[in-house]
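Q: Have a look at this one.
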Amino acid sequence: MVEASQDRLPNNWDETLLHVALQALRCDPAVSTGYAPAELLLGRSLVYPIELDMDNIDTSGTNLTQPLADKLISIHNEAFGRACTSIQKAQERYCRAYDAKHKTNPLRLRRGSRVQIFDFSSKKSVNYRKGAMRTQWKPFRDFYRVHSINRKKGVLTVRSKGGRIYKKQYPISRVRLYKGKK
């Protein structure tokens with residue numbers, strides 16, 4: 001089967017068929033512009049060899065290439081301008097959805113910021129003496145100060161109001177800015 005299909009193509013296909021295929025591609029008007037690439041390049045319709053034998057070839061209505069190129073650029077700018085705005089809106093939606101899903105926190109943290117730390121260990125623990133759950137944000141009704149931030153690792157260290165620096169590093173995703181009074 002393979003040999004039969006190879007017998008159909010001539011050995012010099014690049015000399016006999018390639019230019020015919022390229023001419024077909026260059027003469028076919030594009031859907032987006034309405035012009036054939038050869039027509040944009042030459043500024044007029046192509047004259048085929050079969051038409052050379054005829055004496056009534058009309059070359060009076062030929063256009064210059066520049067107006068066609070300007071038209072092509074305006075079509076390109078119009079189509080891709082709309083596409084760029086659509087793509088930008090889609091990327092912004094994707095970023096918002098990603099940030100919400102992964103709980104990225106665009107906090108404006110710096111040294112000295114007042115923060116509270118989310119404590120996962122108190123999530124289900126109950127204080128049996130008082131009969132109520134303990135708070136999840138530490139310290140309760142108070143704040144820590146940011147001592148140092150390692151943005152590469154996404155962690156920070158904190159210090160108490162009294163100046164004690166805690167050795168434990170907390171992920172930035174488990175931190176919130178303190179909204180209470182000083």
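Chain lettering (A, B, ...) mirrors the order of the structure tokens, residue numbering begins at 1 for each chain separately, and ligand numbering begins at 1 in order of display.
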Can you tell me which residues surround A:Gly163 at a distance of at most 12 Å, considering only C-alpha atoms, apart from same-chain residues fewer than 5 positions away, and format the answer as a list in words?
A: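 Non-adjacent residues within range: Gly112, Tyr144, Arg145, Val146, His147 and Val158 of chain A.
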Q: Got a sec to tell me which of stretch 72-174 of chain A DSSP assigns to helix (DSSP H, G or I), as a ChimeraX atom specification?
A: /A:72-102,120-122,172-174
Q: Those residues with C-alpha atoms, as an mmCIF file, in the first residue's frame please?
A:
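Result file follows (part.cif):
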data_model
loop_
_atom_site.group_PDB
_atom_site.id
_atom_site.type_symbol
_atom_site.label_atom_id
_atom_site.label_comp_id
_atom_site.auth_asym_id
_atom_site.auth_seq_id
_atom_site.Cartn_x
_atom_site.Cartn_y
_atom_site.Cartn_z
ATOM 1 C CA LEU A 72 -4.719 45.120 6.410
ATOM 2 C CA ILE A 73 -3.115 46.886 9.389
ATOM 3 C CA SER A 74 -6.423 48.508 10.363
ATOM 4 C CA ILE A 75 -8.220 45.138 10.162
ATOM 5 C CA HIS A 76 -5.442 43.565 12.248
ATOM 6 C CA ASN A 77 -5.565 46.315 14.883
ATOM 7 C CA GLU A 78 -9.349 46.128 15.122
ATOM 8 C CA ALA A 79 -9.458 42.344 15.478
ATOM 9 C CA PHE A 80 -6.492 41.999 17.812
ATOM 10 C CA GLY A 81 -7.456 45.074 19.843
ATOM 11 C CA ARG A 82 -10.749 43.409 20.767
ATOM 12 C CA ALA A 83 -8.964 40.116 21.366
ATOM 13 C CA CYS A 84 -6.377 41.739 23.652
ATOM 14 C CA THR A 85 -9.037 43.342 25.842
ATOM 15 C CA SER A 86 -10.918 40.038 26.061
ATOM 16 C CA ILE A 87 -7.741 38.180 26.968
ATOM 17 C CA GLN A 88 -6.833 40.775 29.598
ATOM 18 C CA LYS A 89 -10.282 40.537 31.213
ATOM 19 C CA ALA A 90 -10.075 36.736 31.235
ATOM 20 C CA GLN A 91 -6.615 36.845 32.824
ATOM 21 C CA GLU A 92 -7.854 39.209 35.535
ATOM 22 C CA ARG A 93 -10.803 36.888 36.288
ATOM 23 C CA TYR A 94 -8.436 33.923 36.414
ATOM 24 C CA CYS A 95 -6.100 35.758 38.824
ATOM 25 C CA ARG A 96 -8.971 36.679 41.145
ATOM 26 C CA ALA A 97 -10.271 33.091 41.135
ATOM 27 C CA TYR A 98 -6.782 31.691 41.758
ATOM 28 C CA ASP A 99 -6.157 34.117 44.617
ATOM 29 C CA ALA A 100 -9.514 33.243 46.194
ATOM 30 C CA LYS A 101 -8.965 29.490 45.837
ATOM 31 C CA HIS A 102 -5.427 29.475 47.193
ATOM 32 C CA PHE A 120 -5.101 25.869 63.881
ATOM 33 C CA SER A 121 -4.587 23.988 67.158
ATOM 34 C CA SER A 122 -7.492 25.827 68.809
ATOM 35 C CA ILE A 172 2.038 34.780 55.655
ATOM 36 C CA SER A 173 -1.191 33.022 54.617
ATOM 37 C CA ARG A 174 -2.045 32.540 58.326
#
Q: Mind checking which residues fall within 12 Å of A:Arg108, counting only C-alpha atoms, ignoring those fewer than 3 positions away in the same chain, and posting them as an MDAnalysis selection string?
A: chainID A and resid 105 111:115 146 149 151 172 175:177
Q: Can those selected residues be exported to a file as a PDB file, in the first residue's frame so that it contains N, CA and C atoms?
A:
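Okay, this is what ended up in again_27.pdb:
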ATOM      1  N   ASN A 105      -2.828  36.246  50.067  1.00  0.00           N
ATOM      2  CA  ASN A 105      -3.181  37.408  50.864  1.00  0.00           C
ATOM      3  C   ASN A 105      -2.305  38.580  50.463  1.00  0.00           C
ATOM      4  N   ARG A 111       7.929  45.637  58.498  1.00  0.00           N
ATOM      5  CA  ARG A 111       8.366  45.564  59.897  1.00  0.00           C
ATOM      6  C   ARG A 111       7.560  46.531  60.744  1.00  0.00           C
ATOM      7  N   GLY A 112       7.084  46.013  61.866  1.00  0.00           N
ATOM      8  CA  GLY A 112       6.327  46.848  62.776  1.00  0.00           C
ATOM      9  C   GLY A 112       4.826  46.818  62.556  1.00  0.00           C
ATOM     10  N   SER A 113       4.341  46.133  61.502  1.00  0.00           N
ATOM     11  CA  SER A 113       2.904  46.040  61.278  1.00  0.00           C
ATOM     12  C   SER A 113       2.247  45.275  62.416  1.00  0.00           C
ATOM     13  N   ARG A 114       1.026  45.662  62.750  1.00  0.00           N
ATOM     14  CA  ARG A 114       0.278  44.978  63.803  1.00  0.00           C
ATOM     15  C   ARG A 114      -0.508  43.833  63.172  1.00  0.00           C
ATOM     16  N   VAL A 115      -0.293  42.596  63.655  1.00  0.00           N
ATOM     17  CA  VAL A 115      -0.910  41.417  63.059  1.00  0.00           C
ATOM     18  C   VAL A 115      -1.450  40.483  64.135  1.00  0.00           C
ATOM     19  N   VAL A 146       5.234  42.718  63.587  1.00  0.00           N
ATOM     20  CA  VAL A 146       6.083  41.957  62.664  1.00  0.00           C
ATOM     21  C   VAL A 146       7.530  42.318  62.951  1.00  0.00           C
ATOM     22  N   ILE A 149      10.369  39.643  57.890  1.00  0.00           N
ATOM     23  CA  ILE A 149       9.594  38.989  56.835  1.00  0.00           C
ATOM     24  C   ILE A 149      10.560  38.343  55.854  1.00  0.00           C
ATOM     25  N   ARG A 151      10.019  37.010  52.397  1.00  0.00           N
ATOM     26  CA  ARG A 151       9.035  36.885  51.325  1.00  0.00           C
ATOM     27  C   ARG A 151       9.358  35.732  50.392  1.00  0.00           C
ATOM     28  N   ILE A 172       2.740  33.519  55.905  1.00  0.00           N
ATOM     29  CA  ILE A 172       2.038  34.780  55.655  1.00  0.00           C
ATOM     30  C   ILE A 172       0.555  34.515  55.405  1.00  0.00           C
ATOM     31  N   VAL A 175      -1.788  34.936  58.519  1.00  0.00           N
ATOM     32  CA  VAL A 175      -1.639  36.211  59.216  1.00  0.00           C
ATOM     33  C   VAL A 175      -2.708  37.170  58.703  1.00  0.00           C
ATOM     34  N   ARG A 176      -3.239  37.991  59.598  1.00  0.00           N
ATOM     35  CA  ARG A 176      -4.134  39.070  59.192  1.00  0.00           C
ATOM     36  C   ARG A 176      -3.725  40.340  59.929  1.00  0.00           C
ATOM     37  N   LEU A 177      -4.020  41.463  59.325  1.00  0.00           N
ATOM     38  CA  LEU A 177      -3.732  42.734  59.963  1.00  0.00           C
ATOM     39  C   LEU A 177      -4.699  42.948  61.126  1.00  0.00           C
TER      40      LEU A 177
END
Q: Mind checking which residues fall within 12 Å of stretch 34-37 of chain A, counting only C-alpha atoms, ignoring those fewer than 3 positions away in the same chain, and posting them as a list in words?
A: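 Residues meeting the cut-off are Leu22, Gln23, Ala24, Leu25, Arg26, Cys27, Asp28, Pro29, Ala30, Val31, Leu40, Leu41, Leu42, Gly43, Arg44, Ser45, Leu46, Thr65, Leu68, Ala69, Lys71, Leu72 and Ile75 of chain A.
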Q: Store the residues picked out above, limited to N, CA and C atoms, as a PDB file, in the first residue's frame.
A:
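result.pdb written:
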ATOM      1  N   LEU A  22       2.114  26.312  -3.746  1.00  0.00           N
ATOM      2  CA  LEU A  22       2.412  27.645  -3.206  1.00  0.00           C
ATOM      3  C   LEU A  22       1.603  28.720  -3.919  1.00  0.00           C
ATOM      4  N   GLN A  23       1.431  28.590  -5.240  1.00  0.00           N
ATOM      5  CA  GLN A  23       0.641  29.571  -5.976  1.00  0.00           C
ATOM      6  C   GLN A  23      -0.817  29.525  -5.526  1.00  0.00           C
ATOM      7  N   ALA A  24      -1.318  28.347  -5.249  1.00  0.00           N
ATOM      8  CA  ALA A  24      -2.702  28.228  -4.778  1.00  0.00           C
ATOM      9  C   ALA A  24      -2.864  28.912  -3.427  1.00  0.00           C
ATOM     10  N   LEU A  25      -1.888  28.750  -2.546  1.00  0.00           N
ATOM     11  CA  LEU A  25      -1.950  29.396  -1.236  1.00  0.00           C
ATOM     12  C   LEU A  25      -1.836  30.914  -1.347  1.00  0.00           C
ATOM     13  N   ARG A  26      -0.977  31.378  -2.238  1.00  0.00           N
ATOM     14  CA  ARG A  26      -0.748  32.814  -2.367  1.00  0.00           C
ATOM     15  C   ARG A  26      -1.871  33.542  -3.094  1.00  0.00           C
ATOM     16  N   CYS A  27      -2.654  32.824  -3.881  1.00  0.00           N
ATOM     17  CA  CYS A  27      -3.721  33.445  -4.664  1.00  0.00           C
ATOM     18  C   CYS A  27      -5.086  33.319  -4.007  1.00  0.00           C
ATOM     19  N   ASP A  28      -5.193  32.543  -2.958  1.00  0.00           N
ATOM     20  CA  ASP A  28      -6.474  32.328  -2.282  1.00  0.00           C
ATOM     21  C   ASP A  28      -6.744  33.481  -1.325  1.00  0.00           C
ATOM     22  N   PRO A  29      -7.849  34.192  -1.484  1.00  0.00           N
ATOM     23  CA  PRO A  29      -8.141  35.310  -0.571  1.00  0.00           C
ATOM     24  C   PRO A  29      -8.351  34.813   0.866  1.00  0.00           C
ATOM     25  N   ALA A  30      -7.788  35.525   1.802  1.00  0.00           N
ATOM     26  CA  ALA A  30      -7.946  35.169   3.215  1.00  0.00           C
ATOM     27  C   ALA A  30      -9.313  35.627   3.701  1.00  0.00           C
ATOM     28  N   VAL A  31      -9.911  34.862   4.602  1.00  0.00           N
ATOM     29  CA  VAL A  31     -11.222  35.199   5.134  1.00  0.00           C
ATOM     30  C   VAL A  31     -11.146  36.462   5.987  1.00  0.00           C
ATOM     31  N   LEU A  40      -2.006  41.593  -2.016  1.00  0.00           N
ATOM     32  CA  LEU A  40      -1.484  42.595  -1.088  1.00  0.00           C
ATOM     33  C   LEU A  40      -0.046  42.972  -1.441  1.00  0.00           C
ATOM     34  N   LEU A  41       0.725  42.007  -1.868  1.00  0.00           N
ATOM     35  CA  LEU A  41       2.123  42.254  -2.196  1.00  0.00           C
ATOM     36  C   LEU A  41       2.271  43.065  -3.482  1.00  0.00           C
ATOM     37  N   LEU A  42       1.490  42.721  -4.498  1.00  0.00           N
ATOM     38  CA  LEU A  42       1.631  43.382  -5.796  1.00  0.00           C
ATOM     39  C   LEU A  42       0.756  44.627  -5.938  1.00  0.00           C
ATOM     40  N   GLY A  43      -0.328  44.704  -5.172  1.00  0.00           N
ATOM     41  CA  GLY A  43      -1.217  45.844  -5.295  1.00  0.00           C
ATOM     42  C   GLY A  43      -2.214  45.706  -6.418  1.00  0.00           C
ATOM     43  N   ARG A  44      -2.330  44.549  -6.990  1.00  0.00           N
ATOM     44  CA  ARG A  44      -3.281  44.291  -8.071  1.00  0.00           C
ATOM     45  C   ARG A  44      -3.587  42.808  -8.091  1.00  0.00           C
ATOM     46  N   SER A  45      -4.593  42.452  -8.850  1.00  0.00           N
ATOM     47  CA  SER A  45      -4.900  41.027  -9.022  1.00  0.00           C
ATOM     48  C   SER A  45      -3.809  40.370  -9.840  1.00  0.00           C
ATOM     49  N   LEU A  46      -3.607  39.091  -9.591  1.00  0.00           N
ATOM     50  CA  LEU A  46      -2.585  38.364 -10.336  1.00  0.00           C
ATOM     51  C   LEU A  46      -3.035  38.091 -11.770  1.00  0.00           C
ATOM     52  N   THR A  65       0.215  49.137  -3.471  1.00  0.00           N
ATOM     53  CA  THR A  65       0.278  48.213  -2.347  1.00  0.00           C
ATOM     54  C   THR A  65       0.020  48.920  -1.018  1.00  0.00           C
ATOM     55  N   LEU A  68      -3.616  48.940   0.406  1.00  0.00           N
ATOM     56  CA  LEU A  68      -3.997  47.593   0.816  1.00  0.00           C
ATOM     57  C   LEU A  68      -3.311  47.206   2.122  1.00  0.00           C
ATOM     58  N   ALA A  69      -2.047  47.593   2.267  1.00  0.00           N
ATOM     59  CA  ALA A  69      -1.324  47.297   3.500  1.00  0.00           C
ATOM     60  C   ALA A  69      -1.924  48.068   4.670  1.00  0.00           C
ATOM     61  N   LYS A  71      -5.033  49.033   4.949  1.00  0.00           N
ATOM     62  CA  LYS A  71      -6.306  48.377   5.239  1.00  0.00           C
ATOM     63  C   LYS A  71      -6.069  47.102   6.052  1.00  0.00           C
ATOM     64  N   LEU A  72      -5.054  46.345   5.691  1.00  0.00           N
ATOM     65  CA  LEU A  72      -4.719  45.120   6.410  1.00  0.00           C
ATOM     66  C   LEU A  72      -4.312  45.434   7.849  1.00  0.00           C
ATOM     67  N   ILE A  75      -7.454  46.347   9.849  1.00  0.00           N
ATOM     68  CA  ILE A  75      -8.220  45.138  10.162  1.00  0.00           C
ATOM     69  C   ILE A  75      -7.534  44.377  11.289  1.00  0.00           C
TER      70      ILE A  75
END
Q: Counting only C-alpha atoms, what is within 6 Å of stretch 136-139 of chain A, bar same-chain residues fewer than 5 positions away, as an NGL selection string?
A: :A and (116-119 or 122)
